[in-house]
Amino acid sequence: MEFTSTVTEKKQVVPKKKYSPVREFWVNFKHQKTAFFASMFILLLIIIAIIGPSIAPYDPYKPDYDATLQGPSSEHILGTDEYGRDIFSRILVGTRITLSVSTSSVLLGAIVGTVLGIMSGYFGGWLDRIIMRSSDVMFAFPDLLLAIAIVAVLGPGLNNVIIAVSVFSVPSFARLVRGSTLEAKENTFVEAAKSMGAPHKRIMFKHIFPETVSSLIVFVTMRIGTAIIAASSLSFLGLGASPETPDWGAMLSMGRDYLGTASHVVMMPGIAIFLTVLAFNLVGDGLRDVLDPKTKNE
Amino acid sequence: MFQYILKRIIEMIPLLLVVSILTFLFIHMIPGDPARLVAGKDATLEDVNRVSIELGLDQPIWKQYVTFMGNLFKGDLGTSLKTGLPVSNMFADRFMPSIYLTLLSMGWALVIGLIIGTLSAVFKNKWPDHLGMVTAVSGISLPGFWLGLILIQIFSVQLGWFPTGGAEGWKSYVLPSITLGAGIMSMLARFTRSSLLETLKADFIRTGRAKGLKESSVLTKHALRNSLIPVVTIAGLQFGFLLGGSVVVETVFSFPGMGRLLIDSIAFRDYPVIQSALLLFSIEFILVNLIVDILYSTLNPKIQYE
Amino acid sequence: MRKANLWKMLFFALVCSVLLVGCSDENGGDSEKGQKGSDKEIVIAVNENFISMDPHNTGDTNSNSVQSAMLEGLLGFDSDGQITTVLAEDYSVSENALEYTFKLNQGIKFHDGEEFNAEAVKVNIERIMKDESLRLNSRGFNLITSVDILGDYEIKVTLKTPYSAMLTRFSVAKMLSPKLIKENSDDIPKSPVGTGPFKFVEWVQGDHLTVERYDDYWKKGERVKKITYKPVPENGSRIAMLKTGEASVIYPLPAQNLQELEGNKDIIVSKIPSTIARYVSINTMKEPFDDVRIRQAFNYAVDKNAYIKVVNSGFGLPLDSVIPSKTLYYVKQDVYEQNIEKAKELLKEAGFENGFTAEIWGNTNSDTMKGMQFIQQQLKEIGVTVEIKSMEEGTLSDEIFGAQTPEEAKLQMWYVSWSSYASDVTNATKPLFHSESIPPNSANTAYYKNTEVDSWMNEANSTGDATKQAELYEKIQSTIYKDAPWIFLGVDELLVGTRSDIEGIYVDPTGGINVSDANFK
Amino acid sequence: MSNKLLKVTGIRKSFEIPSGILGKKKILKAVNDVSFEIMEGQTFSLVGESGCGKSTTGRLVSRLLTPSEGEIWIDGEEISQKKESQLKKMRQKVQMIFQDPYASLNPRMKVRDIIAEPLLIHTKLSKLEQQRLVSEILKVVGLNESHADRYAHEFSGGQRQRIGIARALIMKPRLIIADEPVSALDVSIQSQILNLLKDLQSEYNITYLFISHDLSVVEHISDYIGVMYLGTIVESGPKDAIFSNPQHPYTKALLSSVPIPDPKLRKERIILKGDLPSPMNPPAGCPFHTRCPVSMEMCKTIVPKVTQVALDNHFVSCHLMSS
Amino acid sequence: MSEKLLQVEQLQTEFTKDKQKIRILHGVNFHINKGEVIGLVGESGCGKSLTSLSIMGLFKGTSGEITGGHIRFNGQDITSLNVNEMRKMRGKQIAMIFQEPMTSLNPVMKIGEQLMEPIRIHLNLNKKQAKEHAISMLKKVGIARPDEVINEYPHQLSGGMRQRVMIAMAMSCNPNLLIADEPTTALDVTIQAQILELMKQLQQQEDMSILLITHDLGIVAEMCDRVVVMYAGRVVEEANVFDLFEEPKHPYTRGLIGSVPKIGDKRDKLDSIKGNVPDPSDMPIGCKFAPRCTQVMPICLEAEPTSIMLENDRLCSCWLYDHERGEMHV
């Protein structure tokens, strides 16, 4: 057949650089300076999360009642808290808890939300209506009451904080994913799969889900920031992690009484939270520019 | 239009009924016995049981619900278990300040958010964009109570410009509304930016330029209005959240709002107050959605109400 | 509708919101608050919302404080928390502790012009007697069998059984205008009418409550024109208000912020020993806490002075008995001074050389969480690992009182505090240590059961003889202290911040704010 | 050759369209009493302007949609109301090719997996066997093995459409429903694909239901043609009959509207007035009467019946014919 | 008649992607006489739309820029105009209509408002006059109830109506040149026929020049006086419409015409051009069409042919017609 020549036509031209999707993403992402820098910061955080306990200069739990509320000094570079614990060590050790609580709660929320959202968008009809109306109710329902209920039923503790925070994010994820599902459903390749007789499960997870991934990733990074703040707000209301845990949010809320007298107790974890949330949001912004098909093309 | 609004309001009723049942079940499922809390720490079991009967808490839940709803239809929100005051009385003083605070926060967040977002989109990838986005993202990244406490330290204690709290006079609204609006402003700025960037790629923008329009009129007359549609959605959603009150901001600024009342009531398991407050929030939420829909139709002529 | 220009609408919305706020400004009254001069007002910032203005149904200190500006009882408390006469000129108790006779002051009028007399007292007492929903009803008043008017200004109250705290109750039960009770009882929780130095003006829920000088008050004196009470839950905000002068008095003054006020000549800080005992109750029926050595070891493990320094920012006294020092019949005990060696030895004797794991419960209050962490740190020294479970108040109370029998109880340790009137030693002991008070019945969360102590308490309650009571309470205190059903921590010292241009305001050991002589200097 | 592979009789499909946010639902009659049949190995084309219901008809036949009425017989089996679970056999026999080669291939799947997907769904073949079939089919459509491990977005439009065809071919279908398969392609590529489709037909005896708006393409590929207007077939018949002897005024106008790529043949066209009526609010009587240059009074009220024009299966629905 | 209205000379246009400049137009040359309809044909990606955007100076919001050559309009080099001067030119002297009448109109503005914008800017009319003018324009393009239509929104109109509105808008200031970029591609054939008819009619009425950009050779044959064929950012052939269809010179043009199915055409197989359009960032050396050409010669793979004037004022860029060098290498 004459078409075979299509293959040979490129012989005399320089081989074209066609990247795999992952590679292409990476190349584009590197151009996003701020986002790239922010993601390096997050990488640093992850490293700290892993090795934090071993590089911490002091035992983050060990009190020293003779050296409480000391300002930053050469001995304690970020000062000490109300029990004389080294704030720097606590922040280092707390990185793991803070990051894992926020990421796991967001991921949990994302998983549940995604499944609900895809089903809602894909099947439509009464299922859609039920899921969407319930998420409306969830939106209207004060987060805190939900948190209290969850913590009340499950008891306090980090795991339950994770559950509580993830429950908050389920409706948002469900909506987001439903939106992109409705969009993805319009793709002819979905129809093509249907015409081949592909089962619903395959269509939903093989064909539709990947279409939602890029907006999901963007949203996840942004939600992680929200989750850190949500978890710290729970601490503020005393519903968070066990109080001795060097979770940044808990440090922030326990330390707030000392804002006037020993402000470093609040400022240091506050700055840590701020920078981390900022970094996640910047990465999310960058990812959006790279991944979102709507803003991607020049 | 009027018919449409009426229809929407009628549609609210079954939804609210469902919400009321759900919330009623929900709040009764949370552990905690208001009778114990009413009776006091030093009360004996006997006292607690008596209080329980007195407050009608010994009744089956459905009966309590029927009583509550019955009173509600008579316009009676019930009596607070904690204070013994009519719930409507407790809401009266807090409702308007909450509304004002919400409007103010929303107002400035909308104006500044739109300005930052527009500038960022127009100067995409130039310094105003970077500056604007860092400002915006910072707004999201600051924990509310931290920002609030720092604002108090600077503007109340150090500079003495604004009171530390309360809800008397416009001055006392300044700091809480900044704290509350910061996150929303940021979100709106970001949405405005991306939405505007998208609109600026639309064909009709090119048409506008092909007509010989000035770039400024292309932006204001053609691009901005189109890009407001998604922004309105986000704004509406946030508005709904704000109306529910912000516990954190209300606590930091000792602001007499609905959020703190709700929290105090939750802590006390003050069922009638919680129930009424949740119902009120739901109504607000639905009304805000309605307003957003109407705003939609003014922004987007494609959507029509028949 | 579609014609409407969006920008116009947005602008309109903004203008509206500004206007609305502007209006609220006018409604909110004058903005000149906190200025000097006795015709101005004093602003008092407290840490929590007021719950109710019904004096017969109040359990919280702040509501009591506000009420005390407007209402007075037959009896009252002096600045040390001991009972004095107020509306009653004199009183007597029969020997069998069943009959209480009051002679009333004359010429006193309620704010609404009603006269204060025996009839008015009877209306008040009968209200409490009959209405079971009132908090005071279950606290003594349901024991009343009759209220007899002996004269226009003399009245006798008879009890079914002796109740040693009855005098304290009469001090708490403030008198309301009989007209209010009879005609507008719904208004009682909102706007009470009494005989006090100030009368009710307005209560904006969640924001403030204002009272105004009652010019016909029966005790003459110079007083400020107006007092406004504001609930300001955030510590930092309260202290900021004091500094900026927005508040003339703040209570409680957060101890950790005291340093901020150092060298500030405009602010006077006063320190009052309180009747608030801080302790950890230990479930004495649960292994291994049923061994007194373990409990004593815990007590030896804790450094009370460090506790006061770290948790209470240096303000407080060690709890050196089962009741605070201001409480009636208090007797100082031998304090368990911190002695890690001894504690470890006790543990070893009890068979826990290598320590064990225990759970401590508490509410979500930041002070509680601080205290629990401290206990955790201290017990770690003797090898006991403490897990902190902070629970939201309602849940916590369900967890504790949900257990119908001691066997069901999951509670091991509870970080908590107790406060009673200085004059009310019964309330400071019976609900906490009497075996009848074991949950769910009442607050004996140590599940402390000592038949001897039970009988001493019963005896003390049924006698009107003060010497006898003092004797019994001495035995009760020393026995319980040795049994160590608690980790005895400290007694709070209350801190009040006052602007230096204010006089005549003091806080009593229970935390009540007395303003009857409040004025600008 | 005389085996009827597809027979469609009287199918109808309506959609409910919510209008506005709360308006009353409107009924869109997308397909309104459509009947036709295709002999095995032949090409039947549905041609018409946007909104005429040709694509809906295609999707009804492929049972992506369920008809409200009517029968669809494929290879002797009636499938119009069968449930998805009962359609497995039919799905193997009938494959689709779509208009947009960009959207119809999952951008996140390798070409290999795209083509093998029907095998994965319908067969229990081993990975190896699947891959062998894929390589085979790639050659058939003019691609080669090295293309299999790339992603669809790395290909040009024509190549993508080849991938789409390969996917349709792999199950060795009897019927291919091609919905505007070349309208998104450049002319030079369009001819490649049309030629390929023709070659495949003669090689594998495939039957096509070809859907297009482009009369010149349709003329080139079809054996039989059905001209659709507002949900109904107004004229149908063998290609030559339709093109050389069009009877329905709409067919005539349509033919006349097509610009001929030859400046010497510039001619007076029949320019229809107005726009297509909304299918949500179709005119009474003959659906075409609002734009028909020769409409009569009766056309406004009476729906014309189908009449046979000549012996060779040429049918027209027009009052001009029946009178 | 042969007065040159627009001359495009050696036009080069580039885009920047990932900091790399990609040249899309490589020295495009052609001209338009007054009152002439020129067809610019080629497949997607050949640079025909970009040529029109270059003429209009519509690069705002893209990274495109003109990096070489001149565009003379009435003798004036418009590539040297500043932003403001160019803006005043757009819509007044050169107007443009686009492919998608749906998205080319602002969905949230009334037709009247959008129509009045260029009128008010360029003709200095007051609101009332502008409105009258707008209504008259709508009448001119055959819209039945112009008074109502000006108060309607784009979505309330059909595709054909919208394109009429676009034409009315473009024609409202009496431009000398109308650039129509695939004006009927999104429309149905019967509507397309209406619009083409309208354009023809208006062109004759106003004696306006039209640059008609299309991929549809049928439309070209129907509408144009002269045809410019583009391939890979270059003009490969230019000729009178009759000559071009009669005897296409460039192998590409020939392939293009051969691959279009014609009604009444009895060929069983269509001609086709093998392969695909090359990627602009990855162009072959020599003649860009060489890899797909059926008559490729060795020189084609080495050097790019230049434009050669043939009989009847035709131009063609192909080595086949360069009798000196072309034959040397055969």
# chains A, B, ... in the order shown; residues from 1 in each chain; ligands from 1

$ residues_around --residues "Thr79 (chain B)" --least-positions-apart "4" --cutoff "12 Å" --atoms "only C-alpha atoms" --output "PyMOL selection string"
(chain B and resi 55-56+68+71-72+83-91+270-276) or (chain C and resi 186+189)

$ residues_around --residues "Leu197 (chain D)" --least-positions-apart "2" --cutoff "10 Å" --atoms "only C-alpha atoms" --output "PDB file with all heavy atoms, in the first residue's frame"
ATOM      1  N   VAL D 141      -3.385  -0.801   8.223  1.00  0.00           N
ATOM      2  CA  VAL D 141      -3.824   0.591   8.083  1.00  0.00           C
ATOM      3  C   VAL D 141      -2.675   1.502   7.690  1.00  0.00           C
ATOM      4  O   VAL D 141      -2.823   2.720   7.669  1.00  0.00           O
ATOM      5  CB  VAL D 141      -4.488   1.138   9.364  1.00  0.00           C
ATOM      6  CG1 VAL D 141      -5.730   0.328   9.691  1.00  0.00           C
ATOM      7  CG2 VAL D 141      -3.508   1.151  10.516  1.00  0.00           C
ATOM      8  N   ARG D 162      -5.901   6.756  11.226  1.00  0.00           N
ATOM      9  CA  ARG D 162      -5.520   5.375  10.919  1.00  0.00           C
ATOM     10  C   ARG D 162      -5.545   4.518  12.190  1.00  0.00           C
ATOM     11  O   ARG D 162      -5.957   3.352  12.163  1.00  0.00           O
ATOM     12  CB  ARG D 162      -4.126   5.327  10.305  1.00  0.00           C
ATOM     13  CG  ARG D 162      -4.092   5.809   8.867  1.00  0.00           C
ATOM     14  CD  ARG D 162      -2.665   6.020   8.414  1.00  0.00           C
ATOM     15  NE  ARG D 162      -2.628   6.842   7.209  1.00  0.00           N
ATOM     16  CZ  ARG D 162      -2.694   6.354   5.976  1.00  0.00           C
ATOM     17  NH1 ARG D 162      -2.747   5.060   5.793  1.00  0.00           N
ATOM     18  NH2 ARG D 162      -2.694   7.148   4.931  1.00  0.00           N
ATOM     19  N   ILE D 165      -8.991   3.677  12.925  1.00  0.00           N
ATOM     20  CA  ILE D 165      -9.485   2.628  12.032  1.00  0.00           C
ATOM     21  C   ILE D 165      -8.936   1.266  12.462  1.00  0.00           C
ATOM     22  O   ILE D 165      -9.663   0.268  12.489  1.00  0.00           O
ATOM     23  CB  ILE D 165      -9.111   2.957  10.572  1.00  0.00           C
ATOM     24  CG1 ILE D 165      -9.872   4.214  10.128  1.00  0.00           C
ATOM     25  CG2 ILE D 165      -9.423   1.795   9.646  1.00  0.00           C
ATOM     26  CD1 ILE D 165      -9.421   4.779   8.794  1.00  0.00           C
ATOM     27  N   ALA D 178     -19.090   4.913  10.636  1.00  0.00           N
ATOM     28  CA  ALA D 178     -18.078   5.953  10.534  1.00  0.00           C
ATOM     29  C   ALA D 178     -18.777   7.300  10.605  1.00  0.00           C
ATOM     30  O   ALA D 178     -19.518   7.675   9.695  1.00  0.00           O
ATOM     31  CB  ALA D 178     -17.308   5.806   9.238  1.00  0.00           C
ATOM     32  N   PRO D 181     -15.826  10.634   9.416  1.00  0.00           N
ATOM     33  CA  PRO D 181     -14.456  10.211   9.690  1.00  0.00           C
ATOM     34  C   PRO D 181     -13.396  11.095   9.050  1.00  0.00           C
ATOM     35  O   PRO D 181     -12.249  11.043   9.458  1.00  0.00           O
ATOM     36  CB  PRO D 181     -14.392   8.795   9.105  1.00  0.00           C
ATOM     37  CG  PRO D 181     -15.428   8.793   8.058  1.00  0.00           C
ATOM     38  CD  PRO D 181     -16.523   9.695   8.526  1.00  0.00           C
ATOM     39  N   SER D 191      -8.213  12.399   1.457  1.00  0.00           N
ATOM     40  CA  SER D 191      -8.253  11.452   0.332  1.00  0.00           C
ATOM     41  C   SER D 191      -7.514  10.168   0.699  1.00  0.00           C
ATOM     42  O   SER D 191      -7.942   9.087   0.305  1.00  0.00           O
ATOM     43  CB  SER D 191      -7.685  12.090  -0.924  1.00  0.00           C
ATOM     44  OG  SER D 191      -6.376  12.565  -0.690  1.00  0.00           O
ATOM     45  N   GLN D 192      -6.421  10.288   1.470  1.00  0.00           N
ATOM     46  CA  GLN D 192      -5.728   9.075   1.920  1.00  0.00           C
ATOM     47  C   GLN D 192      -6.673   8.165   2.694  1.00  0.00           C
ATOM     48  O   GLN D 192      -6.748   6.960   2.466  1.00  0.00           O
ATOM     49  CB  GLN D 192      -4.555   9.406   2.850  1.00  0.00           C
ATOM     50  CG  GLN D 192      -3.400  10.148   2.221  1.00  0.00           C
ATOM     51  CD  GLN D 192      -2.359  10.555   3.254  1.00  0.00           C
ATOM     52  OE1 GLN D 192      -2.463  10.179   4.422  1.00  0.00           O
ATOM     53  NE2 GLN D 192      -1.374  11.317   2.828  1.00  0.00           N
ATOM     54  N   ILE D 193      -7.396   8.763   3.613  1.00  0.00           N
ATOM     55  CA  ILE D 193      -8.261   7.966   4.487  1.00  0.00           C
ATOM     56  C   ILE D 193      -9.430   7.372   3.698  1.00  0.00           C
ATOM     57  O   ILE D 193      -9.798   6.210   3.877  1.00  0.00           O
ATOM     58  CB  ILE D 193      -8.773   8.826   5.669  1.00  0.00           C
ATOM     59  CG1 ILE D 193      -7.595   9.335   6.512  1.00  0.00           C
ATOM     60  CG2 ILE D 193      -9.768   8.075   6.536  1.00  0.00           C
ATOM     61  CD1 ILE D 193      -6.783   8.253   7.173  1.00  0.00           C
ATOM     62  N   LEU D 194      -9.991   8.183   2.820  1.00  0.00           N
ATOM     63  CA  LEU D 194     -11.104   7.661   2.022  1.00  0.00           C
ATOM     64  C   LEU D 194     -10.652   6.469   1.188  1.00  0.00           C
ATOM     65  O   LEU D 194     -11.348   5.455   1.102  1.00  0.00           O
ATOM     66  CB  LEU D 194     -11.665   8.758   1.117  1.00  0.00           C
ATOM     67  CG  LEU D 194     -12.479   9.844   1.823  1.00  0.00           C
ATOM     68  CD1 LEU D 194     -12.872  10.937   0.845  1.00  0.00           C
ATOM     69  CD2 LEU D 194     -13.727   9.253   2.473  1.00  0.00           C
ATOM     70  N   ASN D 195      -9.476   6.612   0.608  1.00  0.00           N
ATOM     71  CA  ASN D 195      -8.949   5.499  -0.175  1.00  0.00           C
ATOM     72  C   ASN D 195      -8.742   4.272   0.703  1.00  0.00           C
ATOM     73  O   ASN D 195      -9.062   3.150   0.302  1.00  0.00           O
ATOM     74  CB  ASN D 195      -7.628   5.893  -0.834  1.00  0.00           C
ATOM     75  CG  ASN D 195      -7.851   6.877  -1.976  1.00  0.00           C
ATOM     76  OD1 ASN D 195      -8.965   6.986  -2.499  1.00  0.00           O
ATOM     77  ND2 ASN D 195      -6.813   7.606  -2.345  1.00  0.00           N
ATOM     78  N   ASP D 199     -10.347   0.583   0.314  1.00  0.00           N
ATOM     79  CA  ASP D 199      -9.517  -0.620   0.198  1.00  0.00           C
ATOM     80  C   ASP D 199      -9.926  -1.670   1.225  1.00  0.00           C
ATOM     81  O   ASP D 199     -10.033  -2.859   0.908  1.00  0.00           O
ATOM     82  CB  ASP D 199      -8.030  -0.272   0.422  1.00  0.00           C
ATOM     83  CG  ASP D 199      -7.476   0.547  -0.738  1.00  0.00           C
ATOM     84  OD1 ASP D 199      -8.116   0.558  -1.811  1.00  0.00           O
ATOM     85  OD2 ASP D 199      -6.428   1.190  -0.546  1.00  0.00           O
ATOM     86  N   LEU D 200     -10.117  -1.226   2.435  1.00  0.00           N
ATOM     87  CA  LEU D 200     -10.469  -2.164   3.499  1.00  0.00           C
ATOM     88  C   LEU D 200     -11.798  -2.843   3.204  1.00  0.00           C
ATOM     89  O   LEU D 200     -11.976  -4.028   3.470  1.00  0.00           O
ATOM     90  CB  LEU D 200     -10.545  -1.449   4.850  1.00  0.00           C
ATOM     91  CG  LEU D 200      -9.212  -0.918   5.365  1.00  0.00           C
ATOM     92  CD1 LEU D 200      -9.440  -0.037   6.585  1.00  0.00           C
ATOM     93  CD2 LEU D 200      -8.284  -2.067   5.712  1.00  0.00           C
ATOM     94  N   GLN D 201     -12.709  -2.061   2.677  1.00  0.00           N
ATOM     95  CA  GLN D 201     -14.022  -2.629   2.372  1.00  0.00           C
ATOM     96  C   GLN D 201     -13.901  -3.775   1.368  1.00  0.00           C
ATOM     97  O   GLN D 201     -14.478  -4.839   1.571  1.00  0.00           O
ATOM     98  CB  GLN D 201     -14.950  -1.553   1.824  1.00  0.00           C
ATOM     99  CG  GLN D 201     -16.358  -2.076   1.558  1.00  0.00           C
ATOM    100  CD  GLN D 201     -17.337  -0.953   1.335  1.00  0.00           C
ATOM    101  OE1 GLN D 201     -17.040   0.010   0.625  1.00  0.00           O
ATOM    102  NE2 GLN D 201     -18.482  -1.045   1.957  1.00  0.00           N
ATOM    103  N   SER D 202     -13.136  -3.513   0.320  1.00  0.00           N
ATOM    104  CA  SER D 202     -13.046  -4.569  -0.700  1.00  0.00           C
ATOM    105  C   SER D 202     -12.264  -5.761  -0.165  1.00  0.00           C
ATOM    106  O   SER D 202     -12.523  -6.895  -0.528  1.00  0.00           O
ATOM    107  CB  SER D 202     -12.427  -4.011  -1.974  1.00  0.00           C
ATOM    108  OG  SER D 202     -11.185  -3.416  -1.693  1.00  0.00           O
ATOM    109  N   GLU D 203     -11.302  -5.484   0.738  1.00  0.00           N
ATOM    110  CA  GLU D 203     -10.498  -6.582   1.231  1.00  0.00           C
ATOM    111  C   GLU D 203     -11.246  -7.450   2.251  1.00  0.00           C
ATOM    112  O   GLU D 203     -11.156  -8.668   2.233  1.00  0.00           O
ATOM    113  CB  GLU D 203      -9.221  -6.023   1.854  1.00  0.00           C
ATOM    114  CG  GLU D 203      -8.099  -7.049   1.899  1.00  0.00           C
ATOM    115  CD  GLU D 203      -6.781  -6.400   2.280  1.00  0.00           C
ATOM    116  OE1 GLU D 203      -6.592  -5.208   1.942  1.00  0.00           O
ATOM    117  OE2 GLU D 203      -5.976  -7.080   2.915  1.00  0.00           O
ATOM    118  N   ILE D 206     -16.341  -5.373   4.445  1.00  0.00           N
ATOM    119  CA  ILE D 206     -16.959  -4.661   5.570  1.00  0.00           C
ATOM    120  C   ILE D 206     -18.119  -3.813   5.062  1.00  0.00           C
ATOM    121  O   ILE D 206     -18.092  -3.300   3.934  1.00  0.00           O
ATOM    122  CB  ILE D 206     -15.934  -3.739   6.259  1.00  0.00           C
ATOM    123  CG1 ILE D 206     -14.747  -4.561   6.757  1.00  0.00           C
ATOM    124  CG2 ILE D 206     -16.548  -2.986   7.430  1.00  0.00           C
ATOM    125  CD1 ILE D 206     -13.624  -3.725   7.272  1.00  0.00           C
ATOM    126  N   TYR D 208     -20.317  -0.417   5.624  1.00  0.00           N
ATOM    127  CA  TYR D 208     -20.170   0.890   6.276  1.00  0.00           C
ATOM    128  C   TYR D 208     -21.514   1.578   6.410  1.00  0.00           C
ATOM    129  O   TYR D 208     -22.304   1.619   5.472  1.00  0.00           O
ATOM    130  CB  TYR D 208     -19.287   1.818   5.434  1.00  0.00           C
ATOM    131  CG  TYR D 208     -17.813   1.473   5.421  1.00  0.00           C
ATOM    132  CD1 TYR D 208     -17.108   1.441   4.229  1.00  0.00           C
ATOM    133  CD2 TYR D 208     -17.117   1.234   6.610  1.00  0.00           C
ATOM    134  CE1 TYR D 208     -15.753   1.151   4.186  1.00  0.00           C
ATOM    135  CE2 TYR D 208     -15.763   0.941   6.580  1.00  0.00           C
ATOM    136  CZ  TYR D 208     -15.086   0.900   5.378  1.00  0.00           C
ATOM    137  OH  TYR D 208     -13.766   0.615   5.351  1.00  0.00           O
ATOM    138  N   ILE D 221     -17.818   7.740  -1.746  1.00  0.00           N
ATOM    139  CA  ILE D 221     -17.665   6.489  -1.011  1.00  0.00           C
ATOM    140  C   ILE D 221     -18.895   5.588  -1.009  1.00  0.00           C
ATOM    141  O   ILE D 221     -18.789   4.386  -0.789  1.00  0.00           O
ATOM    142  CB  ILE D 221     -17.194   6.777   0.430  1.00  0.00           C
ATOM    143  CG1 ILE D 221     -16.601   5.496   1.044  1.00  0.00           C
ATOM    144  CG2 ILE D 221     -18.305   7.318   1.299  1.00  0.00           C
ATOM    145  CD1 ILE D 221     -15.508   5.769   2.006  1.00  0.00           C
TER     146      ILE D 221
END

$ residues_around --residues "Ser80 (chain E)" --least-positions-apart "5" --cutoff "10 Å" --atoms "only C-alpha atoms" --output "VMD selection string"
chain E and resid 70 to 72 85 to 86

$ write_last_selection --atoms "C-alpha atoms" --output "mmCIF file, in the first residue's frame"
data_model
loop_
_atom_site.group_PDB
_atom_site.id
_atom_site.type_symbol
_atom_site.label_atom_id
_atom_site.label_comp_id
_atom_site.auth_asym_id
_atom_site.auth_seq_id
_atom_site.Cartn_x
_atom_site.Cartn_y
_atom_site.Cartn_z
ATOM 1 C CA HIS E 70 6.914 44.802 4.619
ATOM 2 C CA ILE E 71 3.217 45.087 4.341
ATOM 3 C CA ARG E 72 2.175 48.088 2.310
ATOM 4 C CA GLU E 85 -1.906 54.146 14.387
ATOM 5 C CA MET E 86 -2.376 50.471 13.671
#

$ atom_distance --atom1 "CA of Gly70 (chain B)" --atom2 "CA of Ile99 (chain B)"
27.7 Å

$ residues_around --residues "Ala35 (chain B)" --least-positions-apart "3" --cutoff "6 Å" --atoms "only C-alpha atoms" --output "JSON, numbers by chain"
{"B": [38, 39, 48, 51, 52]}

$ select_by_dssp --residues "region 183-330 of chain E" --states "helix (DSSP H, G or I)" --output "PyMOL selection string"
chain E and resi 189-206+217-223+241-246+251-259+290-292+298-301+311-313+319-321+325-328
